[in-house]
Number of protein chains: 2
Amino acid sequence: MDKRGSDLPTPRARIADVAREAGVSKAAVSFAFNSPERLKPQTAERIRQVATTLGYRPHPVARMLTAGSTATLGILSPNPLAQAFANPFFALFAEGVSTVTEDRGFGLLFISPLHGSLERAMDRAIVDGVIVIGLDHHHPEVESIRRIGIPTVLVDAPAWPEHGAIAVDDTAGALAAAKHLLELGHRDLLVLTMEPSESQDQPDGDEALSVMGRRMKGYRLALAEYEVTLGAGGIRQAPATFEGGEAAFLRAWEDGLRPTGVLSMSDAAAAGVLQAARHLGLSVPNDLSIVGFDDLPLTRFTDPPLTTVHQPVRRKGEEAARMLLRALSPGSGRAGEHRVLETRLVVRSSTAPPKQRSQEVIGDG
Amino acid sequence: MDKRGSDLPTPRARIADVAREAGVSKAAVSFAFNSPERLKPQTAERIRQVATTLGYRPHPVARMLTAGSTATLGILSPNPLAQAFANPFFALFAEGVSTVTEDRGFGLLFISPLHGSLERAMDRAIVDGVIVIGLDHHHPEVESIRRIGIPTVLVDAPAWPEHGAIAVDDTAGALAAAKHLLELGHRDLLVLTMEPSESQDQPDGDEALSVMGRRMKGYRLALAEYEVTLGAGGIRQAPATFEGGEAAFLRAWEDGLRPTGVLSMSDAAAAGVLQAARHLGLSVPNDLSIVGFDDLPLTRFTDPPLTTVHQPVRRKGEEAARMLLRALSPGSGRAGEHRVLETRLVVRSSTAPPKQRSQEVIGDG
DNA sequence: GATCTTTGCTAAACCGGTTTGCTAAACCGG
DNA sequence: CCGGTTTAGCAAACCGGTTTAGCAAAGATC
């Protein structure tokens, strides 16, 4: 079999083909599409005719090369996309971003590490600007992103002066969540953090710089106010997924912990805890209270509906996109904008005062 | 104020700059990165040195122009992205796709109509191939997509000979769902379809060609077998979102319908019905049985856990991506592959035999 | 009817890289 | 010291468009 040219779909028509076929120059063809007024209407029409016949569509890459702009925004996730999409938070955020990109005629490219390297991924990415989400300051790739030299908006990340940034008041939200449990009378709490902890050893190091750090700070402030301390093992790491939360709580239970309240830094993990509780025969909120974080739509459907900290996820996406587009448009307000959106506690049915603890006894393993 | 050059971030270094600075030709710079063996090691090193100093990164668009490939796959949705992301199904599917694109070093671009035109969006899209999802045959843009002349894999859509396609056995799944309710004894059923109905008037027109058509066929087969008919208004349209399902069921209720069982074509809408039922004080499954479709992760967290038809959504995404990549790689198996994945009923707790109906009476409006 | 302007289109440069063909210098054996 | 092979690097063509500068013919002006 003849290897080449045989089964190639149809060697895409180029502008030169149209020009030849129509008996005009390449420039004329370009004009026919982009500035028809420079051509006799009749000529323009004929050229377009030929173009359609040949199925000609201007090569977008070539066009971009001269245009200098790509009309595409990137969403950069330092985690594999599959992992990112596993947390409904991400889709909700993307929903917000896409609302405005779509409206402005921009495409949306999802960028994640290529063979482990975010830098390499960025080098291949065809975008005018990028929204960075989920990047903690301790991430090794931070610097390379920073130096890419492309307009950037950071979400929930430490602000860099040269880039825009948008975040929510994590600490206030976490504070409200913890206070809520404490006010209800809970004293034995379990905290579920997200992701590979930045802070195995020094949990308080540079709090302000990571989402986890800021939320933990809120929890701690409340605990301090009520003079409550977290027992050993009272802080557990749970990936922000259903499975993550479920597994983390089960493990804590196996380790003998018997908290009456759980503070989860994500709704996804909180939903997992709900599942784990059902598994263990615990009634929520009678035996166990749970507070999540994010206020995802699914919190209204869980059993029971989840008490959680609301943050305007969708709006965060919208604002990030708008901010980035603003930074891209030449004249207008420069980069470096910073915004912090509010959070607030939403009390549903997964929290209640702790039961009179019948006994301190444990251990039926 | 000087208009140009004043506040431009930093005019990105081009290959010519590096060449000049290093005292070599553009070709040498290119070689230093792409085929260093053609240069004296020492020279290559020096060039790379200069490049780093200048912060040079080869312009991805220019590179693509010559390379001829973009290393990017597109996911095409005929609906606005915001709407697509509102159904967790979409994120799950994307999760599957991204697993393989990421592994193969491909980027992922989400394409949706630009100012209402899918064709225009496709014209701007920089991709090697595209996965089309959610496109029903009745969609006006079908033909333009078809003619784009770019490798394509169709998901859940009518198969075109020249393109790959992947689907699931919708009819069998729907059949099993309906049979389940009928076997439990239900006779008053409500069907929730998705999206703007293709078939307001002729619901059976070209069943095989759309997801809705195929699922409806399954429902009908079961109904026919049990000689049950759907009452007037027994088919309701509900967008595949939480709100969509909730609103649709409430409306049906207001219209005086009192089904004992609901067949929903999406889990998202089914979850909404759960919510509506709670609102109306109906106990699920005692007063109302519900069967969804998709088997999304959230079905395990709803109250009660949802009986639904499982389809391998994530795998569908993976297979679609793999199929597309296969069609892209030159030598190997050509386009036109077709696959159908299986579905199966998963019984959880949202279905039970109907209560002895106290009265046939209705209408408390 | 000669000059000026406008109209309609083309040739060539350009965007920023990659790749091919070629040459000059260094190296080699005899 | 000469012809043949390698090595190292350059100039130019190319990818597929857009855009600028400019030319020839037609129309306007007097």
# chains A, B, ... in the order shown; residues from 1 in each chain; ligands from 1
>>> interface_residues(of="chain C", to="chain A", cutoff="7 Å", atoms="only C-alpha atoms (C1' of nucleotides)", output="compact mmCIF listing (two decimals) with N, CA and C atoms (P, O5', C5', C4', C3', O3' and C1' of nucleotides), in the first residue's frame")
# COMPACT_ATOMS: atom_id res chain seq x y z
P DG C 8 -13.56 49.55 -7.06
O5' DG C 8 -12.21 48.82 -7.46
C5' DG C 8 -11.97 48.49 -8.83
C4' DG C 8 -10.85 47.48 -8.88
C3' DG C 8 -11.02 46.30 -7.92
O3' DG C 8 -10.69 45.11 -8.61
C1' DG C 8 -8.95 47.35 -7.53
P DT C 10 -5.04 40.09 -7.94
O5' DT C 10 -3.53 40.56 -7.88
C5' DT C 10 -2.96 41.27 -8.99
C4' DT C 10 -1.54 41.69 -8.64
C3' DT C 10 -0.70 40.59 -8.00
O3' DT C 10 0.59 40.61 -8.56
C1' DT C 10 -0.74 42.48 -6.58
P DC C 15 8.18 41.05 11.96
O5' DC C 15 7.20 40.19 12.86
C5' DC C 15 5.79 40.40 12.89
C4' DC C 15 5.14 39.10 13.26
C3' DC C 15 6.07 38.13 13.98
O3' DC C 15 5.85 38.20 15.38
C1' DC C 15 4.78 37.03 12.26
>>> select_by_dssp(residues="segment 156-292 of chain A", states="helix (DSSP H, G or I)", output="number ranges by chain")
A: 170-184, 207-209, 211-225, 242-254, 267-279
>>> write_last_selection(atoms="C-alpha atoms", output="mmCIF file, in the first residue's frame")
data_model
loop_
_atom_site.group_PDB
_atom_site.id
_atom_site.type_symbol
_atom_site.label_atom_id
_atom_site.label_comp_id
_atom_site.auth_asym_id
_atom_site.auth_seq_id
_atom_site.Cartn_x
_atom_site.Cartn_y
_atom_site.Cartn_z
ATOM 1 C CA ASP A 170 -10.937 31.650 54.309
ATOM 2 C CA THR A 171 -10.012 32.475 57.859
ATOM 3 C CA ALA A 172 -13.294 34.164 58.667
ATOM 4 C CA GLY A 173 -15.209 31.273 57.147
ATOM 5 C CA ALA A 174 -13.270 28.669 59.047
ATOM 6 C CA LEU A 175 -13.594 30.685 62.219
ATOM 7 C CA ALA A 176 -17.361 30.767 61.835
ATOM 8 C CA ALA A 177 -17.480 27.046 61.150
ATOM 9 C CA ALA A 178 -15.463 26.138 64.225
ATOM 10 C CA LYS A 179 -17.313 28.585 66.442
ATOM 11 C CA HIS A 180 -20.580 27.070 65.320
ATOM 12 C CA LEU A 181 -19.550 23.631 66.536
ATOM 13 C CA LEU A 182 -18.067 24.988 69.726
ATOM 14 C CA GLU A 183 -21.156 26.990 70.529
ATOM 15 C CA LEU A 184 -23.236 23.886 70.086
ATOM 16 C CA GLU A 207 -0.374 30.303 57.179
ATOM 17 C CA ALA A 208 -1.388 33.289 55.180
ATOM 18 C CA LEU A 209 0.075 31.793 52.058
ATOM 19 C CA VAL A 211 -5.742 27.976 51.578
ATOM 20 C CA MET A 212 -5.178 25.287 54.143
ATOM 21 C CA GLY A 213 -3.088 27.564 56.260
ATOM 22 C CA ARG A 214 -5.697 30.277 56.293
ATOM 23 C CA ARG A 215 -8.538 27.927 57.108
ATOM 24 C CA MET A 216 -6.546 26.232 59.786
ATOM 25 C CA LYS A 217 -5.888 29.608 61.279
ATOM 26 C CA GLY A 218 -9.617 30.246 61.497
ATOM 27 C CA TYR A 219 -10.204 26.939 63.217
ATOM 28 C CA ARG A 220 -7.414 27.615 65.650
ATOM 29 C CA LEU A 221 -8.645 31.054 66.540
ATOM 30 C CA ALA A 222 -12.012 29.621 67.501
ATOM 31 C CA LEU A 223 -10.468 26.763 69.430
ATOM 32 C CA ALA A 224 -8.250 29.160 71.297
ATOM 33 C CA GLU A 225 -11.204 31.316 72.202
ATOM 34 C CA PHE A 242 -15.726 11.805 48.337
ATOM 35 C CA GLU A 243 -13.413 8.863 48.745
ATOM 36 C CA GLY A 244 -10.794 10.978 50.435
ATOM 37 C CA GLY A 245 -13.137 12.120 53.169
ATOM 38 C CA GLU A 246 -14.638 8.711 53.692
ATOM 39 C CA ALA A 247 -11.294 6.987 54.007
ATOM 40 C CA ALA A 248 -9.875 9.633 56.304
ATOM 41 C CA PHE A 249 -12.735 9.408 58.761
ATOM 42 C CA LEU A 250 -12.727 5.631 58.805
ATOM 43 C CA ARG A 251 -9.035 5.648 59.541
ATOM 44 C CA ALA A 252 -9.476 8.133 62.352
ATOM 45 C CA TRP A 253 -12.194 5.913 63.778
ATOM 46 C CA GLU A 254 -9.987 2.875 63.590
ATOM 47 C CA ASP A 267 -17.589 19.731 50.988
ATOM 48 C CA ALA A 268 -16.430 16.819 48.904
ATOM 49 C CA ALA A 269 -14.588 15.259 51.821
ATOM 50 C CA ALA A 270 -17.456 16.172 54.136
ATOM 51 C CA ALA A 271 -19.837 14.215 51.945
ATOM 52 C CA GLY A 272 -17.438 11.319 52.252
ATOM 53 C CA VAL A 273 -17.566 11.587 56.022
ATOM 54 C CA LEU A 274 -21.345 11.449 55.842
ATOM 55 C CA GLN A 275 -20.969 8.213 53.984
ATOM 56 C CA ALA A 276 -18.468 6.866 56.488
ATOM 57 C CA ALA A 277 -20.748 7.783 59.371
ATOM 58 C CA ARG A 278 -23.627 5.878 57.839
ATOM 59 C CA HIS A 279 -21.275 2.985 57.394
#
>>> closest_residue(among="B:Pro297, B:Pro312, B:Pro11, B:Pro41", to="chain D", atoms="only C-alpha atoms (C1' of nucleotides)")
B:Pro41
>>> interface_residues(of="chain D", to="chain B", cutoff="9 Å", atoms="only C-alpha atoms (C1' of nucleotides)", output="list in words")
DT7, DA8, DG9, DC10, DA11, DC14, DC15 and DG16 of chain D
>>> interface_residues(of="chain B", to="chain A", cutoff="6 Å", atoms="only C-alpha atoms", output="list in words")
Pro60, Leu81, Ala82, Phe85, Ala91, Glu95, Ser98, Thr99, Gly105, Leu108, Leu109, Phe110, Leu114, Arg124, Phe301, Thr302 and Asp303 of chain B
>>> decode(residues="segment 15-42 of chain A", atoms="N, CA and C atoms", output="compact mmCIF listing (two decimals), in the first residue's frame")
# COMPACT_ATOMS: atom_id res chain seq x y z
N ILE A 15 -4.63 28.99 1.47
CA ILE A 15 -5.05 30.24 0.85
C ILE A 15 -4.53 30.35 -0.57
N ALA A 16 -3.36 29.78 -0.80
CA ALA A 16 -2.77 29.82 -2.14
C ALA A 16 -3.64 29.04 -3.13
N ASP A 17 -4.22 27.96 -2.68
CA ASP A 17 -5.08 27.16 -3.55
C ASP A 17 -6.28 27.98 -4.00
N VAL A 18 -6.88 28.64 -3.04
CA VAL A 18 -8.05 29.46 -3.36
C VAL A 18 -7.65 30.56 -4.34
N ALA A 19 -6.50 31.18 -4.06
CA ALA A 19 -6.03 32.27 -4.92
C ALA A 19 -5.86 31.78 -6.35
N ARG A 20 -5.17 30.68 -6.48
CA ARG A 20 -4.92 30.14 -7.82
C ARG A 20 -6.25 29.85 -8.53
N GLU A 21 -7.09 29.13 -7.83
CA GLU A 21 -8.37 28.71 -8.41
C GLU A 21 -9.22 29.92 -8.85
N ALA A 22 -9.15 30.98 -8.04
CA ALA A 22 -9.98 32.15 -8.34
C ALA A 22 -9.25 33.13 -9.26
N GLY A 23 -8.01 32.81 -9.54
CA GLY A 23 -7.25 33.68 -10.42
C GLY A 23 -6.92 35.03 -9.80
N VAL A 24 -6.69 35.02 -8.50
CA VAL A 24 -6.32 36.26 -7.82
C VAL A 24 -5.10 36.03 -6.94
N SER A 25 -4.69 37.05 -6.22
CA SER A 25 -3.53 36.90 -5.34
C SER A 25 -3.97 36.43 -3.96
N LYS A 26 -3.03 35.95 -3.16
CA LYS A 26 -3.33 35.56 -1.78
C LYS A 26 -3.96 36.73 -1.03
N ALA A 27 -3.40 37.90 -1.27
CA ALA A 27 -3.90 39.07 -0.56
C ALA A 27 -5.38 39.27 -0.83
N ALA A 28 -5.76 39.09 -2.06
CA ALA A 28 -7.17 39.29 -2.41
C ALA A 28 -8.05 38.33 -1.63
N VAL A 29 -7.60 37.11 -1.51
CA VAL A 29 -8.39 36.13 -0.76
C VAL A 29 -8.53 36.58 0.69
N SER A 30 -7.43 37.00 1.25
CA SER A 30 -7.46 37.48 2.62
C SER A 30 -8.43 38.64 2.75
N PHE A 31 -8.37 39.55 1.80
CA PHE A 31 -9.27 40.70 1.83
C PHE A 31 -10.73 40.27 1.75
N ALA A 32 -10.97 39.31 0.91
CA ALA A 32 -12.35 38.86 0.71
C ALA A 32 -13.00 38.50 2.04
N PHE A 33 -12.17 38.02 2.97
CA PHE A 33 -12.73 37.62 4.26
C PHE A 33 -12.65 38.73 5.31
N ASN A 34 -11.52 39.44 5.31
CA ASN A 34 -11.27 40.35 6.42
C ASN A 34 -11.58 41.81 6.13
N SER A 35 -11.44 42.22 4.90
CA SER A 35 -11.79 43.61 4.58
C SER A 35 -12.35 43.66 3.16
N PRO A 36 -13.54 43.13 3.02
CA PRO A 36 -14.17 43.01 1.69
C PRO A 36 -14.31 44.35 1.00
N GLU A 37 -14.35 45.42 1.78
CA GLU A 37 -14.55 46.72 1.16
C GLU A 37 -13.38 47.12 0.27
N ARG A 38 -12.31 46.41 0.40
CA ARG A 38 -11.15 46.74 -0.45
C ARG A 38 -11.24 46.06 -1.81
N LEU A 39 -12.28 45.27 -1.96
CA LEU A 39 -12.43 44.54 -3.22
C LEU A 39 -13.74 44.94 -3.90
N LYS A 40 -13.76 44.78 -5.19
CA LYS A 40 -15.02 44.97 -5.90
C LYS A 40 -15.96 43.89 -5.37
N PRO A 41 -17.16 44.27 -4.99
CA PRO A 41 -18.10 43.32 -4.37
C PRO A 41 -18.19 42.02 -5.14
N GLN A 42 -18.20 42.17 -6.43
CA GLN A 42 -18.33 41.03 -7.31
C GLN A 42 -17.14 40.08 -7.18
